[in-house]
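Trainee: Pasting my_file07.txt below, which is compact mmCIF, C-alpha atoms.
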# COMPACT_ATOMS: atom_id res chain seq x y z
CA MET A 17 126.23 105.01 119.34
CA SER A 18 126.63 103.11 122.61
CA GLN A 19 125.06 99.75 123.25
CA ALA A 20 122.60 101.28 125.73
CA ARG A 21 121.43 103.88 123.22
CA LYS A 22 120.96 101.29 120.48
CA GLY A 23 118.74 99.40 122.91
CA ILE A 24 116.75 102.55 123.63
CA VAL A 25 116.23 103.23 119.92
CA ARG A 26 115.11 99.64 119.38
CA ASP A 27 112.57 99.90 122.21
CA ALA A 28 111.38 103.31 121.01
CA VAL A 29 110.70 102.00 117.50
CA GLY A 30 108.93 98.97 118.97
CA ILE A 31 106.64 101.22 121.02
CA GLY A 32 106.01 103.37 117.95
CA VAL A 33 105.03 100.37 115.83
CA ALA A 34 102.72 99.07 118.56
CA SER A 35 101.06 102.48 118.83
CA GLY A 36 100.54 102.47 115.06
CA ALA A 37 97.85 99.84 115.63
CA TYR A 38 96.00 102.14 118.02
CA ALA A 39 96.45 104.96 115.52
CA LEU A 40 94.94 102.89 112.69
CA SER A 41 91.77 102.36 114.70
CA PHE A 42 91.74 105.98 115.83
CA GLY A 43 91.91 107.19 112.21
CA ALA A 44 89.13 104.82 111.21
CA LEU A 45 86.84 105.72 114.13
CA SER A 46 87.39 109.44 113.67
CA ILE A 47 86.26 109.34 110.04
CA ALA A 48 83.33 107.08 110.98
CA ALA A 49 82.37 109.63 113.67
CA GLY A 50 82.03 112.29 110.99
CA LEU A 51 85.30 114.22 111.30
CA SER A 52 87.10 115.20 108.10
CA LEU A 53 90.50 113.86 107.12
CA LEU A 54 92.13 117.18 108.09
CA GLN A 55 90.35 117.30 111.44
CA THR A 56 91.42 113.73 112.15
CA MET A 57 95.04 114.54 111.33
CA ALA A 58 94.87 117.76 113.38
CA LEU A 59 93.92 115.69 116.44
CA SER A 60 96.86 113.33 116.02
CA LEU A 61 99.33 116.14 115.26
CA LEU A 62 98.13 118.72 117.80
CA MET A 63 96.39 116.80 120.59
CA PHE A 64 98.75 113.79 120.41
CA THR A 65 97.44 111.91 123.43
CA GLY A 66 95.55 108.73 122.61
CA ALA A 67 92.80 108.40 125.21
CA SER A 68 91.76 112.05 124.77
CA GLN A 69 91.60 111.66 120.99
CA PHE A 70 89.47 108.52 121.24
CA ALA A 71 87.17 110.26 123.74
CA MET A 72 86.73 113.30 121.50
CA VAL A 73 85.69 111.30 118.42
CA GLY A 74 83.73 108.76 120.49
CA VAL A 75 81.53 111.46 122.00
CA ILE A 76 81.09 113.30 118.68
CA GLY A 77 80.26 110.06 116.87
CA ALA A 78 77.58 109.20 119.42
CA GLY A 79 75.94 112.59 118.86
CA GLY A 80 77.13 113.98 122.20
CA GLY A 81 78.30 117.25 120.73
CA VAL A 82 81.68 118.77 119.98
CA TRP A 83 82.10 120.64 123.27
CA ALA A 84 81.15 117.64 125.39
CA GLY A 85 83.84 115.75 123.49
CA ALA A 86 86.36 118.56 123.94
CA ALA A 87 85.72 118.74 127.70
CA THR A 88 86.11 114.98 128.10
CA ALA A 89 89.33 115.03 126.06
CA ALA A 90 90.78 117.80 128.23
CA LEU A 91 89.83 116.00 131.48
CA LEU A 92 91.47 112.81 130.24
CA GLY A 93 94.56 114.85 129.34
CA SER A 94 95.03 115.89 132.97
CA ARG A 95 97.11 112.80 133.74
CA ASN A 96 99.81 114.08 131.38
CA ALA A 97 100.37 116.91 133.87
CA LEU A 98 101.45 114.31 136.43
CA TYR A 99 103.90 112.79 133.94
CA GLY A 100 105.35 116.27 133.49
CA VAL A 101 106.09 116.42 137.21
CA ARG A 102 108.18 113.27 137.00
CA LEU A 103 109.95 114.48 133.86
CA SER A 104 110.65 118.11 134.68
CA SER A 105 113.86 117.46 136.59
CA LEU A 106 115.13 115.20 133.78
CA LEU A 107 114.31 117.42 130.81
CA GLY A 108 116.12 120.56 131.85
CA ARG A 109 114.96 123.77 133.38
CA THR A 110 114.87 126.40 130.64
CA GLN A 111 111.43 127.54 129.55
CA LEU A 112 112.26 127.05 125.85
CA ARG A 113 113.09 123.38 126.45
CA ARG A 114 109.87 122.87 128.37
CA VAL A 115 107.76 124.44 125.63
CA ALA A 116 109.45 122.26 123.01
CA ALA A 117 109.35 119.04 125.05
CA ALA A 118 105.79 119.38 126.35
CA GLN A 119 104.02 117.95 123.28
CA PHE A 120 105.85 114.62 123.81
CA VAL A 121 104.85 114.29 127.48
CA ILE A 122 102.58 111.19 127.37
CA ASP A 123 102.40 107.70 128.91
CA GLU A 124 104.98 105.96 126.73
CA THR A 125 107.67 108.66 126.71
CA THR A 126 107.42 109.01 130.49
CA ALA A 127 107.75 105.27 131.04
CA MET A 128 110.79 105.12 128.77
CA ALA A 129 112.48 108.19 130.28
CA ILE A 130 112.11 107.32 133.98
CA ALA A 131 113.40 103.77 133.45
CA ARG A 132 117.00 105.05 132.91
CA ASP A 133 119.80 105.42 135.45
CA ARG A 134 121.55 108.44 133.90
CA VAL A 135 119.96 111.80 133.12
CA GLU A 136 121.46 111.91 129.60
CA ASP A 137 119.99 108.49 128.82
CA SER A 138 116.60 109.62 130.16
CA ARG A 139 116.61 112.62 127.84
CA PHE A 140 117.68 110.47 124.90
CA ALA A 141 114.97 107.90 125.66
CA PHE A 142 112.34 110.62 125.96
CA LEU A 143 113.30 112.16 122.61
CA ALA A 144 113.74 108.87 120.73
CA THR A 145 110.39 107.54 121.97
CA GLY A 146 108.67 110.87 121.30
CA ILE A 147 109.94 111.08 117.73
CA ALA A 148 109.20 107.44 116.87
CA LEU A 149 105.76 107.64 118.43
CA PHE A 150 104.83 110.96 116.85
CA ALA A 151 105.86 109.77 113.38
CA LEU A 152 104.15 106.36 113.54
CA TRP A 153 101.06 107.61 115.42
CA ASN A 154 100.40 110.14 112.66
CA LEU A 155 101.22 107.69 109.87
CA GLY A 156 98.85 105.13 111.41
CA THR A 157 96.12 107.74 111.78
CA LEU A 158 96.49 108.75 108.13
CA ILE A 159 96.29 105.15 106.87
CA GLY A 160 93.30 104.32 109.08
CA ALA A 161 91.51 107.49 108.03
CA LEU A 162 92.19 107.04 104.30
CA ALA A 163 91.07 103.40 104.40
CA THR A 164 87.81 104.37 106.12
CA HIS A 165 87.26 107.24 103.68
CA ALA A 166 87.01 104.60 100.94
CA LEU A 167 84.15 102.79 102.73
CA PRO A 168 80.58 103.64 101.69
CA ASN A 169 78.92 103.46 105.13
CA PRO A 170 81.11 102.82 108.19
CA LYS A 171 78.07 102.51 110.53
CA VAL A 172 76.99 99.33 108.73
CA LEU A 173 80.32 97.81 109.73
CA GLY A 174 79.59 98.31 113.42
CA PHE A 175 81.99 101.24 113.87
CA ASP A 176 79.64 102.81 116.43
CA ALA A 177 80.26 99.81 118.71
CA ALA A 178 84.04 100.16 118.46
CA PRO A 179 84.79 103.19 120.71
CA PRO A 180 83.53 101.52 123.94
CA ALA A 181 85.71 98.51 123.10
CA ALA A 182 88.68 100.82 122.64
CA PHE A 183 87.99 102.46 126.02
CA LEU A 184 87.68 99.07 127.68
CA ALA A 185 91.09 98.08 126.33
CA LEU A 186 92.56 101.35 127.65
CA LEU A 187 90.80 100.97 131.02
CA ALA A 188 91.54 97.30 131.76
CA PRO A 189 95.21 97.72 132.81
CA ARG A 190 94.12 100.32 135.41
CA LEU A 191 91.65 97.96 137.12
CA ARG A 192 94.11 95.69 138.91
CA SER A 193 93.03 96.65 142.43
CA ARG A 194 89.71 97.02 144.21
CA GLU A 195 89.47 100.82 144.50
CA PRO A 196 89.72 101.66 140.78
CA LEU A 197 87.36 98.80 139.96
CA ALA A 198 84.74 100.11 142.40
CA ILE A 199 85.16 103.63 141.04
CA ALA A 200 84.81 102.44 137.44
CA VAL A 201 81.56 100.61 138.21
CA ALA A 202 80.18 103.55 140.21
CA ALA A 203 81.13 106.04 137.48
CA GLY A 204 79.33 103.98 134.84
CA VAL A 205 76.18 103.69 136.97
CA VAL A 206 76.13 107.40 137.91
CA ALA A 207 76.59 108.47 134.27
CA LEU A 208 73.64 106.29 133.15
CA VAL A 209 71.37 107.34 136.03
CA VAL A 210 71.73 111.09 135.33
CA LEU A 211 71.90 110.80 131.52
CA PRO A 212 68.13 111.01 130.74
CA PHE A 213 67.80 114.30 132.64
CA LEU A 214 70.83 116.33 131.56
CA PRO A 215 72.27 117.87 128.39
CA ALA A 216 74.82 115.78 126.47
CA GLY A 217 78.26 115.73 128.06
CA VAL A 218 77.10 116.89 131.50
CA PRO A 219 76.92 113.35 132.94
CA LEU A 220 80.67 112.99 132.30
CA LEU A 221 81.35 116.32 134.00
CA ILE A 222 79.33 115.20 137.02
CA VAL A 223 81.39 112.03 137.21
CA ALA A 224 84.58 114.13 137.02
CA ILE A 225 83.38 116.43 139.82
CA LEU A 226 82.43 113.48 142.04
CA VAL A 227 85.87 111.92 141.52
CA ALA A 228 87.52 115.23 142.37
CA LEU A 229 85.49 115.49 145.58
CA LEU A 230 86.34 111.89 146.46
CA GLY A 231 90.04 112.27 145.64
CA LEU A 232 90.56 115.66 147.28
CA ARG A 233 88.87 114.82 150.60
CA ARG A 234 91.26 114.49 153.50
CA MET B 15 82.09 123.90 114.94
CA ILE B 16 84.08 120.66 114.97
CA TRP B 17 87.22 122.63 114.08
CA ALA B 18 86.78 124.96 117.07
CA GLY B 19 86.39 121.99 119.41
CA VAL B 20 89.40 120.20 117.89
CA LEU B 21 91.65 123.25 118.28
CA VAL B 22 90.47 124.24 121.77
CA ALA B 23 90.73 120.69 123.12
CA SER B 24 94.18 120.28 121.54
CA ALA B 25 95.34 123.54 123.11
CA ALA B 26 93.97 122.41 126.48
CA CYS B 27 95.79 119.06 126.24
CA TYR B 28 99.06 120.81 125.34
CA ALA B 29 98.59 123.27 128.23
CA LEU B 30 98.16 120.35 130.65
CA LYS B 31 101.37 118.73 129.40
CA LEU B 32 103.24 122.01 129.79
CA ALA B 33 101.69 122.65 133.21
CA GLY B 34 103.25 119.46 134.57
CA LEU B 35 106.69 120.62 133.45
CA SER B 36 106.23 124.22 134.60
CA LEU B 37 104.02 124.43 137.70
CA PRO B 38 105.65 124.42 141.14
CA GLN B 39 106.42 120.77 141.91
CA ARG B 40 104.87 120.80 145.37
CA TRP B 41 101.39 121.55 143.96
CA LEU B 42 101.26 118.46 141.81
CA GLN B 43 103.12 116.25 144.26
CA GLU B 44 100.39 116.80 146.82
CA PRO B 45 99.05 113.23 147.45
CA ARG B 46 95.41 114.26 147.11
CA VAL B 47 96.08 115.79 143.70
CA GLN B 48 97.99 112.67 142.64
CA ARG B 49 95.14 110.44 143.77
CA THR B 50 92.48 112.53 142.04
CA VAL B 51 94.33 112.77 138.74
CA SER B 52 95.04 109.04 138.65
CA LEU B 53 91.40 108.14 139.41
CA LEU B 54 90.01 110.58 136.83
CA PRO B 55 90.82 108.51 133.70
CA VAL B 56 89.40 105.37 135.33
CA ALA B 57 86.08 107.06 136.09
CA LEU B 58 85.83 108.90 132.77
CA LEU B 59 86.68 105.88 130.63
CA ALA B 60 84.11 103.81 132.54
CA ALA B 61 81.47 106.52 132.18
CA LEU B 62 82.24 106.77 128.45
CA ILE B 63 81.90 103.01 128.03
CA ALA B 64 78.55 103.01 129.85
CA THR B 65 77.01 105.98 128.05
CA LEU B 66 78.26 105.08 124.55
CA THR B 67 77.03 101.49 124.94
CA PHE B 68 73.71 101.86 126.76
CA SER B 69 72.21 105.10 125.47
CA THR B 70 70.99 106.84 122.33
CA GLY B 71 70.48 110.55 122.85
CA HIS B 72 68.71 110.85 126.21
CA LYS B 73 67.25 107.34 126.20
CA LEU B 74 68.73 104.31 127.91
CA VAL B 75 68.75 101.42 125.44
CA LEU B 76 69.91 97.83 125.32
CA ASP B 77 70.90 96.82 121.79
CA VAL B 78 73.63 95.04 119.82
CA ARG B 79 76.25 97.42 121.26
CA ALA B 80 75.89 95.63 124.62
CA ALA B 81 76.70 92.31 122.97
CA ALA B 82 79.63 93.97 121.19
CA LEU B 83 80.97 95.23 124.52
CA GLY B 84 80.62 91.74 125.99
CA VAL B 85 82.70 90.29 123.17
CA ALA B 86 85.28 93.05 123.66
CA ALA B 87 85.43 92.22 127.38
CA ILE B 88 86.15 88.58 126.57
CA ALA B 89 88.86 89.67 124.12
CA VAL B 90 90.42 91.90 126.82
CA LEU B 91 90.34 89.03 129.35
CA LEU B 92 92.08 86.81 126.78
CA ARG B 93 94.74 89.55 126.44
CA ALA B 94 93.99 90.05 122.75
CA PRO B 95 95.82 92.93 121.01
CA PHE B 96 94.08 96.32 120.86
CA LEU B 97 93.08 96.04 117.19
CA VAL B 98 91.53 92.62 117.79
CA VAL B 99 89.48 93.95 120.72
CA VAL B 100 88.14 96.87 118.68
CA ALA B 101 87.54 94.85 115.51
CA SER B 102 85.76 92.03 117.36
CA ALA B 103 83.31 94.54 118.88
CA ALA B 104 82.62 96.17 115.51
CA ALA B 105 82.20 92.79 113.81
CA THR B 106 79.81 91.58 116.52
CA ALA B 107 77.58 94.64 116.10
CA ALA B 108 77.67 94.40 112.30
CA LEU B 109 76.83 90.67 112.28
CA LEU B 110 73.98 90.97 114.79
CA ARG B 111 72.44 93.78 112.73
CA LEU B 112 72.21 91.46 109.72
CA PHE B 113 69.59 89.39 111.53
Would you encode the structure as structure tokens?
Mentor:
Amino acid sequence: MSQARKGIVRDAVGIGVASGAYALSFGALSIAAGLSLLQTMALSLLMFTGASQFAMVGVIGAGGGVWAGAATAALLGSRNALYGVRLSSLLGRTQLRRVAAAQFVIDETTAMAIARDRVEDSRFAFLATGIALFALWNLGTLIGALATHALPNPKVLGFDAAPPAAFLALLAPRLRSREPLAIAVAAGVVALVVLPFLPAGVPLLIVAILVALLGLRR
Amino acid sequence: MIWAGVLVASAACYALKLAGLSLPQRWLQEPRVQRTVSLLPVALLAALIATLTFSTGHKLVLDVRAAALGVAAIAVLLRAPFLVVVASAAATAALLRLF
């Protein structure tokens, strides 16, 4: 293996290990939210996109309902479509390749793939990061979930206060300029203002619609 | 019920990943689409933080979760690792409930 590829593998494993920490807390929060071990693992295996998974179990845990959680998860997954745009020319054009590669199209794999100079290295980085991340994300989820299963009452340990903290950690890196900060504050206020009057989950959909109107205006 | 939601949401998330690889490039490269899709997570995460912290059911409430979020914010500002941010919020809520 070339020196460049060894470096890519090293970085991929590093990213995987770092994501294992997120996965541990996801596994724990999912069980605390009332999902079963199998449901928790299904999310990490099948959904495999962190923010959406956290949103799904966060909403369910707060009593917001399964479909409100599912809708929020899907809306948060929309950014992966943009990563696909940047990757499609690198990953090859056949439909079979796209179907196989799609599950790995997330933040980390995109960042690793587009940082390369040569197309072959991009593909290698995408695959290496995808495999390392998928393996360690699911392992971390399993450990976090099993550990929480052993606890008598996760609510006593303040697990209901953990999802907003997780979202804050995910949100913070996106708030470096004024526009996203203003939008974040406005979104929080709008969601709270309409919340007493609407069914669970609808406030988040209203926020999504307002952002779409704002973003799509000329 | 939870299973149906898990499977449908997972399928939707996969479809979005595949859409980016498969849809005509010019649709998704449209600047207004780019702007909207990059603002969406910011707004949704903020709305999630607000509703999960300051409400129970359909009531607005101020309880230990607000203090937990404050501690998490300090941890984020101090660039603490993800697990520390989450654990500090949970610990804050658990401790305050003891009193």
Trainee: What is the CA of Arg192 (chain A) to CA of Leu230 (chain A) distance in Å?
Mentor: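 Result for CA of Arg192 (chain A) versus CA of Leu230 (chain A): 19.5 Å, one decimal.
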Trainee: Applying 12 Å and all atoms listed in the file, which residues near Leu91 (chain B) remain after dropping the ones on its own chain fewer than 6 positions away? List them as a CSV table (one decimal) with C-alpha atoms, keeping the file's coordinate frame.
Mentor:
chain,number,residue,atom,x,y,z
A,184,LEU,CA,87.7,99.1,127.7
A,185,ALA,CA,91.1,98.1,126.3
A,188,ALA,CA,91.5,97.3,131.8
A,189,PRO,CA,95.2,97.7,132.8
A,191,LEU,CA,91.6,98.0,137.1
B,84,GLY,CA,80.6,91.7,126.0
B,85,VAL,CA,82.7,90.3,123.2
B,99,VAL,CA,89.5,94.0,120.7
Trainee: Fewer than 2 positions away in the same chain doesn't count, so skip those; otherwise give me all residues within 10 Å of Ser52 (chain B), counting all atoms listed in the file, as an mmCIF file with C-alpha atoms, in the frame of the given file.
Mentor:
data_model
loop_
_atom_site.group_PDB
_atom_site.id
_atom_site.type_symbol
_atom_site.label_atom_id
_atom_site.label_comp_id
_atom_site.auth_asym_id
_atom_site.auth_seq_id
_atom_site.Cartn_x
_atom_site.Cartn_y
_atom_site.Cartn_z
ATOM 1 C CA LEU A 92 91.470 112.810 130.240
ATOM 2 C CA SER A 94 95.030 115.890 132.970
ATOM 3 C CA ARG A 95 97.110 112.800 133.740
ATOM 4 C CA LEU A 98 101.450 114.310 136.430
ATOM 5 C CA ARG A 190 94.120 100.320 135.410
ATOM 6 C CA PRO A 196 89.720 101.660 140.780
ATOM 7 C CA GLY A 231 90.040 112.270 145.640
ATOM 8 C CA ARG B 46 95.410 114.260 147.110
ATOM 9 C CA VAL B 47 96.080 115.790 143.700
ATOM 10 C CA GLN B 48 97.990 112.670 142.640
ATOM 11 C CA ARG B 49 95.140 110.440 143.770
ATOM 12 C CA THR B 50 92.480 112.530 142.040
ATOM 13 C CA LEU B 54 90.010 110.580 136.830
ATOM 14 C CA PRO B 55 90.820 108.510 133.700
ATOM 15 C CA VAL B 56 89.400 105.370 135.330
ATOM 16 C CA ALA B 57 86.080 107.060 136.090
#
Trainee: So that I can check the surroundings of Ala60 (chain B), please list as a ChimeraX atom specification every protein, DNA and RNA residue that reaches within 8 Å of it, counting only C-alpha atoms and ignoring chain neighbours fewer than 3 positions away.
Mentor: /A:183-184,187,200-201,203-204 /B:56-57,63-64
Trainee: Give the answer as one residue: which of B:Leu76, B:Ile88, B:Pro45, B:Leu35 has the shortest atom-to-atom distance to chain A, using only C-alpha atoms?
Mentor: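 Of B:Leu76, B:Ile88, B:Pro45, B:Leu35, the one nearest chain A is B:Leu35, counting only C-alpha atoms.
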Trainee: Return as CSV the residues of chain B lying at most 6 Å from chain A, together with the closest atom-to-atom pair for each and the distance in Å to one decimal, counting all atoms listed in the file, with rows in chain order and ascending residue number.
Mentor:
residue,atom,partner,partner_atom,distance
B:Ile16,CA,A:Val82,CA,5.9
B:Gly19,CA,A:Ala86,CA,5.7
B:Ala23,CA,A:Ala86,CA,4.9
B:Ser24,CA,A:Met63,CA,4.2
B:Ala26,CA,A:Ala90,CA,5.9
B:Cys27,CA,A:Gly93,CA,5.4
B:Leu30,CA,A:Ala97,CA,5.2
B:Lys31,CA,A:Ala97,CA,4.9
B:Leu32,CA,A:Ala118,CA,5.0
B:Ala33,CA,A:Ala97,CA,5.9
B:Gly34,CA,A:Ala97,CA,3.9
B:Leu35,CA,A:Gly100,CA,4.6
B:Arg46,CA,A:Leu232,CA,5.1
B:Arg49,CA,A:Gly231,CA,5.7
B:Thr50,CA,A:Gly231,CA,4.4
B:Val51,CA,A:Arg95,CA,5.7
B:Pro55,CA,A:Leu92,CA,5.6
B:Val56,CA,A:Ala200,CA,5.8
B:Ala57,CA,A:Ala200,CA,5.0
B:Leu59,CA,A:Phe183,CA,5.9
B:Ala60,CA,A:Ala200,CA,5.1
B:Ala61,CA,A:Gly204,CA,4.3
B:Ile63,CA,A:Pro180,CA,4.6
B:Ala64,CA,A:Gly204,CA,5.1
B:His72,CA,A:Pro212,CA,4.6
B:Lys73,CA,A:Pro212,CA,5.9
B:Arg79,CA,A:Ala177,CA,5.3
B:Leu83,CA,A:Ala181,CA,5.9
B:Ala86,CA,A:Ala181,CA,5.5
B:Val100,CA,A:Ala178,CA,5.3
B:Ala103,CA,A:Ala178,CA,5.7
B:Ala104,CA,A:Gly174,CA,4.3
B:Ala107,CA,A:Gly174,CA,5.0
B:Ala108,CA,A:Gly174,CA,4.5
Trainee: Kindly export the residues of the current selection with C-alpha atoms, as an mmCIF file, keeping the file's coordinate frame.
Mentor:
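Wrote it out as again-v4.cif, contents follow:
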data_model
loop_
_atom_site.group_PDB
_atom_site.id
_atom_site.type_symbol
_atom_site.label_atom_id
_atom_site.label_comp_id
_atom_site.auth_asym_id
_atom_site.auth_seq_id
_atom_site.Cartn_x
_atom_site.Cartn_y
_atom_site.Cartn_z
ATOM 1 C CA ILE B 16 84.080 120.660 114.970
ATOM 2 C CA GLY B 19 86.390 121.990 119.410
ATOM 3 C CA ALA B 23 90.730 120.690 123.120
ATOM 4 C CA SER B 24 94.180 120.280 121.540
ATOM 5 C CA ALA B 26 93.970 122.410 126.480
ATOM 6 C CA CYS B 27 95.790 119.060 126.240
ATOM 7 C CA LEU B 30 98.160 120.350 130.650
ATOM 8 C CA LYS B 31 101.370 118.730 129.400
ATOM 9 C CA LEU B 32 103.240 122.010 129.790
ATOM 10 C CA ALA B 33 101.690 122.650 133.210
ATOM 11 C CA GLY B 34 103.250 119.460 134.570
ATOM 12 C CA LEU B 35 106.690 120.620 133.450
ATOM 13 C CA ARG B 46 95.410 114.260 147.110
ATOM 14 C CA ARG B 49 95.140 110.440 143.770
ATOM 15 C CA THR B 50 92.480 112.530 142.040
ATOM 16 C CA VAL B 51 94.330 112.770 138.740
ATOM 17 C CA PRO B 55 90.820 108.510 133.700
ATOM 18 C CA VAL B 56 89.400 105.370 135.330
ATOM 19 C CA ALA B 57 86.080 107.060 136.090
ATOM 20 C CA LEU B 59 86.680 105.880 130.630
ATOM 21 C CA ALA B 60 84.110 103.810 132.540
ATOM 22 C CA ALA B 61 81.470 106.520 132.180
ATOM 23 C CA ILE B 63 81.900 103.010 128.030
ATOM 24 C CA ALA B 64 78.550 103.010 129.850
ATOM 25 C CA HIS B 72 68.710 110.850 126.210
ATOM 26 C CA LYS B 73 67.250 107.340 126.200
ATOM 27 C CA ARG B 79 76.250 97.420 121.260
ATOM 28 C CA LEU B 83 80.970 95.230 124.520
ATOM 29 C CA ALA B 86 85.280 93.050 123.660
ATOM 30 C CA VAL B 100 88.140 96.870 118.680
ATOM 31 C CA ALA B 103 83.310 94.540 118.880
ATOM 32 C CA ALA B 104 82.620 96.170 115.510
ATOM 33 C CA ALA B 107 77.580 94.640 116.100
ATOM 34 C CA ALA B 108 77.670 94.400 112.300
#
Trainee: So how many Å separate CA of Thr65 (chain B) and CA of Ala87 (chain B), to one decimal?
Mentor: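 Here the two named atoms are 16.1 Å from each other.
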Trainee: Can you report as AutoDock Vina command-line options the centre and edge lengths in Å, to one decimal, of an axis-aligned box around the listed atoms of region 57-62 of chain A padded with 8 Å on each side?
Mentor:
--center_x 96.6 --center_y 116.0 --center_z 114.6 --size_x 21.4 --size_y 21.4 --size_z 22.5
Trainee: Would you list the contacts of Ala28 (chain A) as a list in words, taking every protein, DNA or RNA residue within 7 Å and counting only C-alpha atoms, but skipping same-chain residues closer than 4 positions in sequence?
Mentor: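 That gives Ile24, Gly32, Ala144, Thr145 and Ala148 of chain A.
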Trainee: Using only C-alpha atoms, please write the residues we just selected to a file, as a short mmCIF file (atom, residue, chain, number, x, y, z; two decimals), keeping the file's coordinate frame.
Mentor:
data_model
loop_
_atom_site.label_atom_id
_atom_site.label_comp_id
_atom_site.auth_asym_id
_atom_site.auth_seq_id
_atom_site.Cartn_x
_atom_site.Cartn_y
_atom_site.Cartn_z
CA ILE A 24 116.75 102.55 123.63
CA GLY A 32 106.01 103.37 117.95
CA ALA A 144 113.74 108.87 120.73
CA THR A 145 110.39 107.54 121.97
CA ALA A 148 109.20 107.44 116.87
#
Trainee: Kindly give the distance, in Å, that separates CA of Phe150 (chain A) and CA of Met57 (chain A), rounded to a single decimal.
Mentor: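 These atoms are spaced 11.8 Å apart.
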Trainee: Find, counting only C-alpha atoms, the residue in A:Leu167, A:Ala48, A:Ala141, A:Ile222 that gets nearest to Leu58 (chain B).
Mentor: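 Between A:Leu167, A:Ala48, A:Ala141, A:Ile222, the residue approaching Leu58 (chain B) most closely is A:Ile222.
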Trainee: Quick one: residues within 9 Å of Ser138 (chain A), only C-alpha atoms, excluding same-chain residues fewer than 4 positions away - as a ChimeraX atom specification?
Mentor: /A:106-107,128-134,142-143
Trainee: Where atoms are missing, can you supply N, CA and C atoms for region 28-43 of chain B and output the lot as a PDB file, in the frame of the given file?
Mentor:
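Output (result-v1.pdb):
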ATOM      1  N   TYR B  28      97.664 120.348 125.328  1.00  0.00           N
ATOM      2  CA  TYR B  28      99.060 120.810 125.340  1.00  0.00           C
ATOM      3  C   TYR B  28      99.344 121.595 126.630  1.00  0.00           C
ATOM      4  N   ALA B  29      98.399 122.453 127.024  1.00  0.00           N
ATOM      5  CA  ALA B  29      98.590 123.270 128.230  1.00  0.00           C
ATOM      6  C   ALA B  29      98.776 122.381 129.459  1.00  0.00           C
ATOM      7  N   LEU B  30      98.024 121.267 129.516  1.00  0.00           N
ATOM      8  CA  LEU B  30      98.160 120.350 130.650  1.00  0.00           C
ATOM      9  C   LEU B  30      99.539 119.695 130.671  1.00  0.00           C
ATOM     10  N   LYS B  31     100.029 119.315 129.469  1.00  0.00           N
ATOM     11  CA  LYS B  31     101.370 118.730 129.400  1.00  0.00           C
ATOM     12  C   LYS B  31     102.410 119.733 129.879  1.00  0.00           C
ATOM     13  N   LEU B  32     102.278 120.974 129.410  1.00  0.00           N
ATOM     14  CA  LEU B  32     103.240 122.010 129.790  1.00  0.00           C
ATOM     15  C   LEU B  32     103.138 122.351 131.267  1.00  0.00           C
ATOM     16  N   ALA B  33     101.904 122.317 131.796  1.00  0.00           N
ATOM     17  CA  ALA B  33     101.690 122.650 133.210  1.00  0.00           C
ATOM     18  C   ALA B  33     102.491 121.718 134.108  1.00  0.00           C
ATOM     19  N   GLY B  34     102.516 120.430 133.759  1.00  0.00           N
ATOM     20  CA  GLY B  34     103.250 119.460 134.570  1.00  0.00           C
ATOM     21  C   GLY B  34     104.734 119.772 134.619  1.00  0.00           C
ATOM     22  N   LEU B  35     105.261 120.288 133.499  1.00  0.00           N
ATOM     23  CA  LEU B  35     106.690 120.620 133.450  1.00  0.00           C
ATOM     24  C   LEU B  35     106.979 121.954 134.127  1.00  0.00           C
ATOM     25  N   SER B  36     105.974 122.835 134.199  1.00  0.00           N
ATOM     26  CA  SER B  36     106.230 124.220 134.600  1.00  0.00           C
ATOM     27  C   SER B  36     105.707 124.623 135.972  1.00  0.00           C
ATOM     28  N   LEU B  37     104.605 124.010 136.413  1.00  0.00           N
ATOM     29  CA  LEU B  37     104.020 124.430 137.700  1.00  0.00           C
ATOM     30  C   LEU B  37     104.955 124.070 138.848  1.00  0.00           C
ATOM     31  N   PRO B  38     104.842 124.787 139.963  1.00  0.00           N
ATOM     32  CA  PRO B  38     105.650 124.420 141.140  1.00  0.00           C
ATOM     33  C   PRO B  38     105.412 122.948 141.504  1.00  0.00           C
ATOM     34  N   GLN B  39     106.513 122.218 141.706  1.00  0.00           N
ATOM     35  CA  GLN B  39     106.420 120.770 141.910  1.00  0.00           C
ATOM     36  C   GLN B  39     105.542 120.400 143.094  1.00  0.00           C
ATOM     37  N   ARG B  40     105.583 121.227 144.154  1.00  0.00           N
ATOM     38  CA  ARG B  40     104.870 120.800 145.370  1.00  0.00           C
ATOM     39  C   ARG B  40     103.362 120.776 145.161  1.00  0.00           C
ATOM     40  N   TRP B  41     102.827 121.590 144.210  1.00  0.00           N
ATOM     41  CA  TRP B  41     101.390 121.550 143.960  1.00  0.00           C
ATOM     42  C   TRP B  41     100.962 120.171 143.464  1.00  0.00           C
ATOM     43  N   LEU B  42     101.689 119.700 142.454  1.00  0.00           N
ATOM     44  CA  LEU B  42     101.260 118.460 141.810  1.00  0.00           C
ATOM     45  C   LEU B  42     101.735 117.224 142.551  1.00  0.00           C
ATOM     46  N   GLN B  43     102.684 117.411 143.490  1.00  0.00           N
ATOM     47  CA  GLN B  43     103.120 116.250 144.260  1.00  0.00           C
ATOM     48  C   GLN B  43     102.254 116.011 145.479  1.00  0.00           C
TER      49      GLN B  43
END
